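Structure, as structure tokens:
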Amino acid sequence: MTTTGKKITDFTSLTSIADSDIMLAVDVSDTTSSPEGTTKKVLFSEVKGDITSGLNISNWDVAFSWGNHASGGYITSETDPVFAAHPSSDITLTKIGQWDTAYGWGNHAVQGYLQSISTQSINSLSDVDTTGVATNNVLKWSGSSWIPGTASGSGTTINELNDVGDVDLTVAPTANQVLKYDIATSKWKAGDDLNSGGLNSLSAVNASAGVTNLSFNSGTGVFTYTPPDLSSYLQNIVEDTSPQLGGNLDLDTNIINGPGTINITGDIKGDTFRLTNNATTPSSGNRREIKVIGQAPYFYDGTDWRPFFLIDAPTQIPADTDWDNVMFRATFDSSFDDIKYNATPTRSSNTDTALVSSPVKVGAKSLRLDDAYIDWDTTNTTRYDFTGAWTMEAWVYIDDITSFDTPDVIFSGNSSTSTKNWGLLIYKPTGTANLQFSWMNINNSSHNSQYGTNIVTLSASSYIGSWHHIAYVKDSTTGAQTLYIDGSSYGTVISDNEILTPDEFSLGYQEYWDYDFDGMIDDLRISKSTRYTSNFTAPATQLPVSGSTTQILPPPADKKGEITLGSSPTWTGSSGITVAQQSSGTYRLTFPSAYSNANDYFIIAQGMDHNGSASSYIRVARTTGYVDVIVKSQADDTNIDTGAVGIQLINHN
């Protein structure tokens, strides 16, 4: 321990201070000897220890992995790990020297680098020898290098066109000649140009004047052909207006095409059909034969003549699989009538109601309502029922809504009984450019206002003056009503199970509020079923006008024949009728297709051959699909099941 003090100048460096040396320090917290503090002695080792402990120097080695540098020392150089991974890291001076040798680069420190070839002479190129070059010389290939030569000159192996292997100019060309190919020698030779006088005309094919010729106009470069005059020959030709084949025509695999007419007095027959002359009375036929009998077409099936049934509707329109539920179907192509039940509108504002050819959505015409209407009688509840499910749909063209706050109506039910009045309304609220669809039903207090219940509000400009498919659909269970426009559902789904079947179904009229409609309606269909339950593709063609799912049913036609009575009765007569015994004395004739009404036909019946029984009487019970014939004894009213009954079924016109 140092017992005597040292001056600052005695310390040549910090390493000269020993741990046992004493240092003077002022303790400012001790003011017993002086207000500024008391000077005290302290060992250097104590100061050093406090500093080391406060800085946690011992932790630095661990945190930074410095280790013991007292023995390991410090880094004096470092290798760049990124450069070491680069491909250029192994380039050495030895390798650079090898590049000079490999590529002939030489020592560019002395020779420099190529700056521009423009400063070089062409003679410096290794394959060019310009020794002895003169004015106007050209470079020509000698076989090993480019050397001086003349255009017509010597010293080359190719110096003229004649030197080309497939050119033969041994016969010297003359002025204006061209090279022409001689196929006999496979050489190009000198020849005349057609436009330079060597060839300027072709002599007439036939030198006789006025017959024919082909001449060349050298000024225009065009050949002109004059056809022969055949008038002297044609005057003796007579047109055959009735050419004859003169025997069998063997088509082999050929097809006859053309717009003309084939007139045949005999039969047309083939593997799958046979057409014969028209006949007015039935006769024996050949299988697959077609003929006209009594102004109607018939087909012979090998046993009997079977009639064709012609319908008005085009056959390409598919059948409606829900036809039984159709209440109204109108195309408006030729009449206002409903074609489902052949019903004619009971009233209309005739002067403002018409069928027009434009605008039309589908078919030939559409219904024009100029602030007008039409309606049909719906009091026949076996046909018409609006109390359950329904779908009202049509293509609608809104022409104009002339007054604000006065709704127009598209579909509606009308009656003098106010509760049967309802309808799908459209109107433009005052001061807006909007159009609203709404539902009105007098029998439902939630929807019986003048404007009904709003379904959706749309821009009027998008819906006035253009066609849109409108379908309003009701679910029978929930009463939910959904509006579909062009196949997409719109607006609020309204619930209403208070709808009554009206006395009339109308287009463009609401009797309770005296509403009408200004526009066109096309391809109407009203069904007592929910046809749409989600978005659909609006029909681009006419909706079905028939109801068979497999075939188009023929309309009922006049029938005649007889029933042989018994437990297993038989029918002999017009095709399509079937017979079955319902009970003793009662026989049912079923039609191939149903009538619209049971009174659309009448029956004439006559009992025959009852095996000596007393005279009979016959009762008839008509329905749309069949007729029951009841045969009774006149004497004791017992049933008769022997003999036969003659039947004639006649349609009302």
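Residues in the structure tokens are numbered from 1 in each chain, the chains being A, B, ... in the order shown, and ligands are numbered from 1 in the order shown.
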
Could you give me the residues within range 262-451 of chain A that DSSP places in strand (DSSP E or B), as a PyMOL selection string?
chain A and resi 268-269+274-275+279+289-293+296-300+305-307+326-330+338+343+347-348+353-356+366-372+374-377+390-398+408-414+422-427+434-441

Can you tell me which residues surround Ser334 in chain A at a distance of at most 12 Å, considering only C-alpha atoms, apart from same-chain residues fewer than 6 positions away, and format the answer as a CSV table (one decimal) with N, CA and C atoms, in the first residue's frame?
```csv
chain,number,residue,atom,x,y,z
A,312,ASP,N,-104.1,-25.1,-85.9
A,312,ASP,CA,-103.7,-23.7,-86.2
A,312,ASP,C,-102.3,-23.4,-85.7
A,313,ALA,N,-102.0,-23.9,-84.6
A,313,ALA,CA,-100.8,-23.5,-83.9
A,313,ALA,C,-99.6,-24.1,-84.6
A,354,ALA,N,-107.4,-2.5,-80.3
A,354,ALA,CA,-107.1,-3.0,-81.6
A,354,ALA,C,-105.9,-4.0,-81.6
A,355,LEU,N,-105.8,-4.8,-82.6
A,355,LEU,CA,-104.7,-5.7,-82.8
A,355,LEU,C,-103.8,-5.0,-83.8
A,356,VAL,N,-102.5,-4.7,-83.5
A,356,VAL,CA,-101.6,-3.9,-84.3
A,356,VAL,C,-100.4,-4.7,-84.7
A,357,SER,N,-99.8,-4.4,-85.8
A,357,SER,CA,-98.6,-5.1,-86.3
A,357,SER,C,-97.3,-4.5,-85.7
A,363,GLY,N,-94.7,-13.2,-82.3
A,363,GLY,CA,-95.9,-13.5,-83.2
A,363,GLY,C,-96.1,-12.4,-84.2
A,364,ALA,N,-97.4,-12.3,-84.7
A,364,ALA,CA,-97.7,-11.4,-85.8
A,364,ALA,C,-98.2,-10.1,-85.3
A,365,LYS,N,-99.0,-10.0,-84.2
A,365,LYS,CA,-99.6,-8.8,-83.7
A,365,LYS,C,-99.6,-8.7,-82.2
A,366,SER,N,-99.9,-7.6,-81.7
A,366,SER,CA,-100.1,-7.4,-80.3
A,366,SER,C,-101.4,-6.6,-80.0
A,367,LEU,N,-101.8,-6.6,-78.7
A,367,LEU,CA,-103.0,-6.0,-78.3
A,367,LEU,C,-102.7,-4.5,-78.0
A,522,ASP,N,-98.8,-8.4,-75.1
A,522,ASP,CA,-98.6,-9.5,-76.1
A,522,ASP,C,-98.3,-10.8,-75.3
A,523,ASP,N,-98.8,-11.9,-75.9
A,523,ASP,CA,-98.5,-13.2,-75.4
A,523,ASP,C,-98.9,-13.4,-74.0
```

Spatial neighbours of range 126-129 of chain A, max dist 12 Å, only C-alpha atoms, sep filter under 2 positions, as a list in words:
Ser121, Ile122, Asn123, Ser124, Thr131, Gly132, Val133, Val138, Leu139, Lys140, Trp141, Ser142, Gly143, Ser144, Ser145, Trp146, Ile147, Pro148 and Gly149 of chain A

Would you output that residue set with N, CA and C atoms, as a compact mmCIF listing (two decimals), in the first residue's frame?
```
# COMPACT_ATOMS: atom_id res chain seq x y z
N SER A 121 -8.41 0.55 -93.14
CA SER A 121 -8.45 0.37 -94.59
C SER A 121 -9.05 -0.99 -94.90
N ILE A 122 -9.85 -1.08 -95.99
CA ILE A 122 -10.43 -2.35 -96.37
C ILE A 122 -9.34 -3.36 -96.69
N ASN A 123 -8.18 -2.84 -97.11
CA ASN A 123 -7.07 -3.73 -97.45
C ASN A 123 -6.52 -4.42 -96.21
N SER A 124 -6.90 -3.91 -95.04
CA SER A 124 -6.42 -4.53 -93.80
C SER A 124 -7.15 -5.83 -93.51
N THR A 131 -4.06 -5.24 -104.38
CA THR A 131 -2.83 -4.96 -105.14
C THR A 131 -3.18 -4.66 -106.59
N GLY A 132 -2.69 -3.54 -107.13
CA GLY A 132 -2.92 -3.17 -108.53
C GLY A 132 -4.29 -2.62 -108.81
N VAL A 133 -5.04 -2.16 -107.77
CA VAL A 133 -6.36 -1.63 -108.00
C VAL A 133 -6.29 -0.35 -108.82
N VAL A 138 -13.86 -3.03 -109.64
CA VAL A 138 -14.77 -3.58 -108.63
C VAL A 138 -14.08 -4.75 -107.96
N LEU A 139 -14.56 -5.13 -106.79
CA LEU A 139 -14.03 -6.30 -106.11
C LEU A 139 -14.76 -7.54 -106.59
N LYS A 140 -14.02 -8.53 -107.01
CA LYS A 140 -14.59 -9.80 -107.46
C LYS A 140 -13.90 -10.94 -106.72
N TRP A 141 -14.62 -11.98 -106.49
CA TRP A 141 -14.11 -13.12 -105.73
C TRP A 141 -13.26 -14.00 -106.63
N SER A 142 -12.05 -14.26 -106.22
CA SER A 142 -11.13 -15.05 -107.02
C SER A 142 -11.21 -16.53 -106.70
N GLY A 143 -11.94 -16.85 -105.70
CA GLY A 143 -11.98 -18.23 -105.23
C GLY A 143 -11.36 -18.36 -103.87
N SER A 144 -10.46 -17.40 -103.55
CA SER A 144 -9.83 -17.41 -102.22
C SER A 144 -9.85 -16.04 -101.56
N SER A 145 -10.01 -14.97 -102.40
CA SER A 145 -10.04 -13.63 -101.84
C SER A 145 -10.72 -12.68 -102.81
N TRP A 146 -11.04 -11.46 -102.30
CA TRP A 146 -11.60 -10.41 -103.12
C TRP A 146 -10.45 -9.60 -103.74
N ILE A 147 -10.50 -9.52 -105.13
CA ILE A 147 -9.41 -8.86 -105.85
C ILE A 147 -10.00 -7.84 -106.81
N PRO A 148 -9.20 -6.88 -107.31
CA PRO A 148 -9.71 -5.88 -108.27
C PRO A 148 -10.09 -6.53 -109.59
N GLY A 149 -11.12 -5.97 -110.24
CA GLY A 149 -11.53 -6.44 -111.55
C GLY A 149 -12.40 -5.39 -112.20
```

If we count only C-alpha atoms and set the cut-off at 9 Å, which residues sit around Asn535 in chain A, ignoring sequence neighbours fewer than 4 positions away in its own chain? Please answer as a ChimeraX atom specification.
/A:484,487-489

Fewer than 6 positions away in the same chain doesn't count, so skip those; otherwise give me all residues within 6 Å of Tyr300 in chain A, counting only C-alpha atoms, as a PyMOL selection string.
chain A and resi 287-289

Next, dump the selected residues to file, keeping only C-alpha atoms, as a short mmCIF file (atom, residue, chain, number, x, y, z; two decimals), in the first residue's frame.
```cif
data_model
loop_
_atom_site.label_atom_id
_atom_site.label_comp_id
_atom_site.auth_asym_id
_atom_site.auth_seq_id
_atom_site.Cartn_x
_atom_site.Cartn_y
_atom_site.Cartn_z
CA ARG A 287 -99.05 -49.56 -96.08
CA ARG A 288 -97.51 -46.09 -95.48
CA GLU A 289 -99.70 -44.61 -98.23
#
```

Which one of A:Asp27, A:Asp21, A:Asp377, A:Glu498 sits closest to Asn444 in chain A if you count only C-alpha atoms?
A:Glu498

Shell of 8 Å around Gly388 in chain A, only C-alpha atoms, local chain residues under 4 positions omitted, as a ChimeraX atom specification
/A:474-477,497,528-529

Go through A:Tyr181, A:Trp305, A:Trp188, A:Phe83 and flag the residue nearest Gly573 in chain A, using only C-alpha atoms for the distances.
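For Gly573 in chain A, the nearest of the candidates is A:Trp305.
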
Residues at most 6 Å from Phe437 in chain A, counting only C-alpha atoms, excluding those fewer than 5 positions away in the same chain, as a PyMOL selection string?
chain A and resi 425-426+455-456

For N, CA and C atoms, I'd like the residues from the last selection saved as an mmCIF file, in the first residue's frame.
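As a result, result-v5.cif now contains:
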```
data_model
loop_
_atom_site.group_PDB
_atom_site.id
_atom_site.type_symbol
_atom_site.label_atom_id
_atom_site.label_comp_id
_atom_site.auth_asym_id
_atom_site.auth_seq_id
_atom_site.Cartn_x
_atom_site.Cartn_y
_atom_site.Cartn_z
ATOM 1 N N LEU A 425 -101.085 -2.483 -60.348
ATOM 2 C CA LEU A 425 -101.120 -1.099 -60.804
ATOM 3 C C LEU A 425 -99.724 -0.595 -61.146
ATOM 4 N N ILE A 426 -99.685 0.476 -61.974
ATOM 5 C CA ILE A 426 -98.462 1.231 -62.239
ATOM 6 C C ILE A 426 -98.827 2.711 -62.220
ATOM 7 N N ILE A 455 -94.859 -2.037 -54.447
ATOM 8 C CA ILE A 455 -93.974 -3.204 -54.555
ATOM 9 C C ILE A 455 -92.545 -2.757 -54.833
ATOM 10 N N VAL A 456 -92.372 -1.860 -55.836
ATOM 11 C CA VAL A 456 -91.025 -1.410 -56.192
ATOM 12 C C VAL A 456 -91.137 -0.066 -56.906
#
```

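From CA of Thr624 in chain A back to CA of Ile499 in chain A, the distance works out to 29.6 Å.
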
Which residue of A:Asp100, A:Gln648, A:Val360, A:Thr586 approaches Lys632 in chain A most closely, using only C-alpha atoms:
A:Thr586
